Amino acid sequence: MRKLFLLLLLVPLTFFSVSVNAEDLSEDDIDIDLDDIEGLGVNEDAEKRLLRGNFYYSYLVGEYYQTLYYLREWKELIGSDSTPETEAEVMRAAVFLSLGLEDQAEDLFYAVFEDGGSASGDAWYFLAQRLFSAGFYARAEQAARNAFAASPRLSRRHNQELSYLLVSSISEQDRVEEALTVLNGMADADIWTGYARYNLILAMVRQNFRSRDIESTIDEAIFYLPDNEEGTALRDRILLISGIAAMERDKHVIANRYFSDVTLESVFTPPALLHYGWNLLAQWRYEDAIQPWRILQQLYDEYHPAVVESYLAVPHTLELVDAVNQSVLAYERVEERLTEMVSELKQLNQEESLGDWLGEWRQANDSENWGWQRQALSDLPQSQITRFAQGLLKEESFTQELAKLHDLDRIRADLAEAMRELTLWSDILVERRENLESMGGEALLEQLEERQMDVLRSILAVQDRLLDEDETVFSFASKSDEARIERLRNVVPAVTQLQKIGTPTRDLAPYKERWRRMRGLQLWSIYEAQPQRKWDTERDHMILRSETDKLFRQLENTRTSLMWADSSWRGLPERVRQLQQRVAALDASVAEIQSDQETLLTDMARAHLSELHERLTLYLAQARLALARLYDDSLQNEFGSLEYEPDTENQEAVK
């Protein structure tokens with residue numbers, strides 16, 4: 001399966017380079033004015049920072065395919081086969097761990113550590129977290145110590161959890177004294193301290209530590225736990241394992257105290273009540289032993305393993321106190337109930353039923369992430385199979401295999417999404433080629449070039465007019481100014497004609513004076529407005545030239561795009577087809593592994609249900625044997641005192 005994960009990394013890394021969602025593309029998305037980026041050069045340092053930022057961002061959001069892709073691009077940019085930064089190498093190890101590639105991640109971790117590399121405290125913290133969950137306790141311990149010693153320092157919010165990881169890693173290696181030393185530096189009332197003490201208690205029990213020290217650690221752990229739901233659950237868990245450990249050491253009085261302190265509202269209550277009864281029975285407190293079993297049967301599901309075991313415990317205890325009639329009635333009820341359960345279990349233990357059971361759970365978790373980013377998978381659906389399989393669901397091996405099945409489902413979903421996007425790319429390639437052919441690029445270019453020449457001639461004509469304008473008398477005059485000047489010119493011939501016709505009574509001097517005055521005012525108005533008009537005209541001309549230059553450049557870019565459009569698509573359809581084939585091959589491989597995983601889980605469930613069937617059958621046989629024994633004892637007690645005298649005459653007749 002790990003080899004398959006390595007193969008799965010290849011397709012997304014290649015595919016990510018064209019991983020734009022093709023269905024979201026439109027003409028507006030690619031209508032980019034190249035002048036907007038004119039003058040911007042390629043800054044290699046800026047590109048490195050961009051790739052580095054993309055690498056860290058994709059890592060933090062859990063997009064691990066993109067994380068490895070950006071890391072590859074980053075390495076290619078700097079021209080190196082090694083990871084640019086030690087912290088990035090540590091994070092790459094964490095990515096491999098997240099994808100289930102523990103062996104590769106371990107190799108990277110060793111390489112970083114042996115090279116004396118340095119990374120931030122947070123990076124080492126995340127690595128320690130994953131190493132601990134993967135079961136590499138020695139590596140997790142070293143990573144946790146590196147996190148505390150790293151610079152930049154660990155974020156304060158992770159301090160207590162990292163201390164828990166360190167204490168628990170040491171405890172898992174059964175170094176109790178050293179774990180106690182680290183534990184003393186933690187905040188007593190923090191929930192992480194409670195978890196650390198719990199793992200330490202387990203280590204002390206495994207090492208057969210001094211009872212006084214174990215009891216002291218247990219009391220300390222219970223006392224400091226926070227008064228909330230999580231704290232109560234951890235408290236019950238500690239009390240349960242402490243009570244079982246005390247039973248094994250024959251410290252029944254202490255075990256009674258631990259079991260009796262467990263609340264009646266947690267998942268640890270049923271086994272605590274069951275063991276509490278057996279512990280009282282071991283002290284010959286028969287009547288007291290029945291009470292926790294009765295509570296267990298009243299509060300919890302009759303299919304719970306602890307409840308089923310208590311079925312036989314109650315009549316057995318009644319038999320020990322010589323309550324024969326009550327014991328017989330209890331055994332009869334147990335026989336009736338176990339007979340129903342055995343029959344029902346036989347019907348449910350079928351491959352088709354188990355497949356539907358797993359299928360419903362898979363459908364409920366199809367939106368959950370996979371790998372390290374998987375937060376929490378939901379419980380299996382409420383059904384009769386789930387009721388019978390309660391013991392199986394508590395086994396870590398089964399839950400791990402169940403999580404692997406979920407991961408395989410998500411991998412196939414990712415492959416299906418990759419195939420869908422590749423199909424969209426294939427479709428859009430066909431559509432773009434058809435659009436390119438239908439738009440008539442060559443004819444359109446010819447039309448645009450003709451319009452370009454017309455606009456260019458117009459611009460040159462405007463430029464010539466501007467040059468000629470400086471040499472005219474009334475330069476930069478407006479249309480209205482020119483009209484008024486023309487009217488003044490038309491007055492001159494009329495005045496001249498009147499002067500020729502002139503009579504002694506006609507005085508033309510006022511007209512001439514008025515004409516001169518109007519001419520002067522008009523010239524003064526024109527010359528006063530000339531500088532501003534000249535500046536506005538030249539400004540508008542420059543803006544026009546700038547816009548036309550942009551249009552000309554866009555035309556050149558369009559010409560280049562049309563020239564490159566055909567060649568730029570060459571090879572891409574083949575790449576898409578190759579990727580589709582690789583994705584299809586990977587999907588077939590994953591489907592095969594997925595089928596094997598389904599078979600494995602089904603076999604595990606069937607084996608558990610078969611074992612449960614055998615156990616229930618054994619319980620049923622014990623109940624029937626007990627009933628037979630009690631009935632036989634009763635008959636012996638009733639008829640044993642009668643003496644049997646053989647009939648001699650009948651015996652002779654028989655002979």
# chains A, B, ... in the order shown; residues from 1 in each chain; ligands from 1
$ residues_around --residues "segment 230-234 of chain A" --least-positions-apart "4" --cutoff "8 Å" --atoms "only C-alpha atoms" --output "list of chain:residue names"
A:Ile191, A:Gly194, A:Tyr195, A:Leu225, A:Pro226, A:Ile238, A:Ser266, A:Phe268
$ residues_around --residues "Glu178 of chain A" --least-positions-apart "3" --cutoff "12 Å" --atoms "only C-alpha atoms" --output "mmCIF file with C-alpha atoms, in the first residue's frame"
data_model
loop_
_atom_site.group_PDB
_atom_site.id
_atom_site.type_symbol
_atom_site.label_atom_id
_atom_site.label_comp_id
_atom_site.auth_asym_id
_atom_site.auth_seq_id
_atom_site.Cartn_x
_atom_site.Cartn_y
_atom_site.Cartn_z
ATOM 1 C CA GLU A 141 10.919 11.681 22.047
ATOM 2 C CA LEU A 166 7.542 13.786 25.632
ATOM 3 C CA VAL A 167 6.292 12.161 28.853
ATOM 4 C CA SER A 168 4.172 9.645 26.948
ATOM 5 C CA SER A 169 7.008 8.757 24.554
ATOM 6 C CA ILE A 170 9.313 8.083 27.491
ATOM 7 C CA SER A 171 6.565 6.139 29.297
ATOM 8 C CA GLU A 172 5.975 3.944 26.246
ATOM 9 C CA GLN A 173 9.660 3.030 26.474
ATOM 10 C CA ASP A 174 9.101 2.066 30.150
ATOM 11 C CA ARG A 175 11.535 4.682 31.535
ATOM 12 C CA THR A 181 11.034 14.018 36.073
ATOM 13 C CA VAL A 182 9.549 15.558 32.930
ATOM 14 C CA LEU A 183 6.018 15.298 34.349
ATOM 15 C CA ASN A 184 6.972 17.385 37.373
ATOM 16 C CA GLY A 185 7.534 20.354 35.055
ATOM 17 C CA LEU A 200 2.715 6.947 33.017
ATOM 18 C CA ALA A 203 4.006 2.134 32.222
ATOM 19 C CA MET A 204 4.222 1.748 36.004
#
$ residues_around --residues "segment 276-279 of chain A" --least-positions-apart "4" --cutoff "12 Å" --atoms "only C-alpha atoms" --output "MDAnalysis selection string"
chainID A and resid 239:262 269:272 283:296 306:307 309:310 312:314 316:317
$ residues_around --residues "segment 67-84 of chain A" --least-positions-apart "5" --cutoff "6 Å" --atoms "only C-alpha atoms" --output "PyMOL selection string"
chain A and resi 13+51+55+58-59+89
$ write_last_selection --atoms "N, CA and C atoms" --output "short mmCIF file (atom, residue, chain, number, x, y, z; two decimals), in the first residue's frame"
data_model
loop_
_atom_site.label_atom_id
_atom_site.label_comp_id
_atom_site.auth_asym_id
_atom_site.auth_seq_id
_atom_site.Cartn_x
_atom_site.Cartn_y
_atom_site.Cartn_z
N LEU A 13 1.43 15.44 -9.00
CA LEU A 13 2.52 16.39 -9.20
C LEU A 13 2.61 16.82 -10.64
N LEU A 51 7.29 30.86 -4.27
CA LEU A 51 7.23 29.40 -4.21
C LEU A 51 7.34 28.91 -2.76
N PHE A 55 4.52 26.81 -0.85
CA PHE A 55 4.86 25.54 -0.21
C PHE A 55 4.31 25.49 1.22
N SER A 58 0.28 25.61 1.27
CA SER A 58 -0.36 24.35 0.89
C SER A 58 -0.13 23.28 1.96
N TYR A 59 1.01 23.35 2.65
CA TYR A 59 1.26 22.41 3.73
C TYR A 59 0.28 22.64 4.89
N GLU A 89 12.49 20.58 4.93
CA GLU A 89 12.77 19.14 4.90
C GLU A 89 12.02 18.43 6.03
#
$ closest_residue --among "A:Ser163, A:Gln578, A:Ser546, A:Asn435" --to "Asn146 of chain A" --atoms "only C-alpha atoms"
A:Ser163
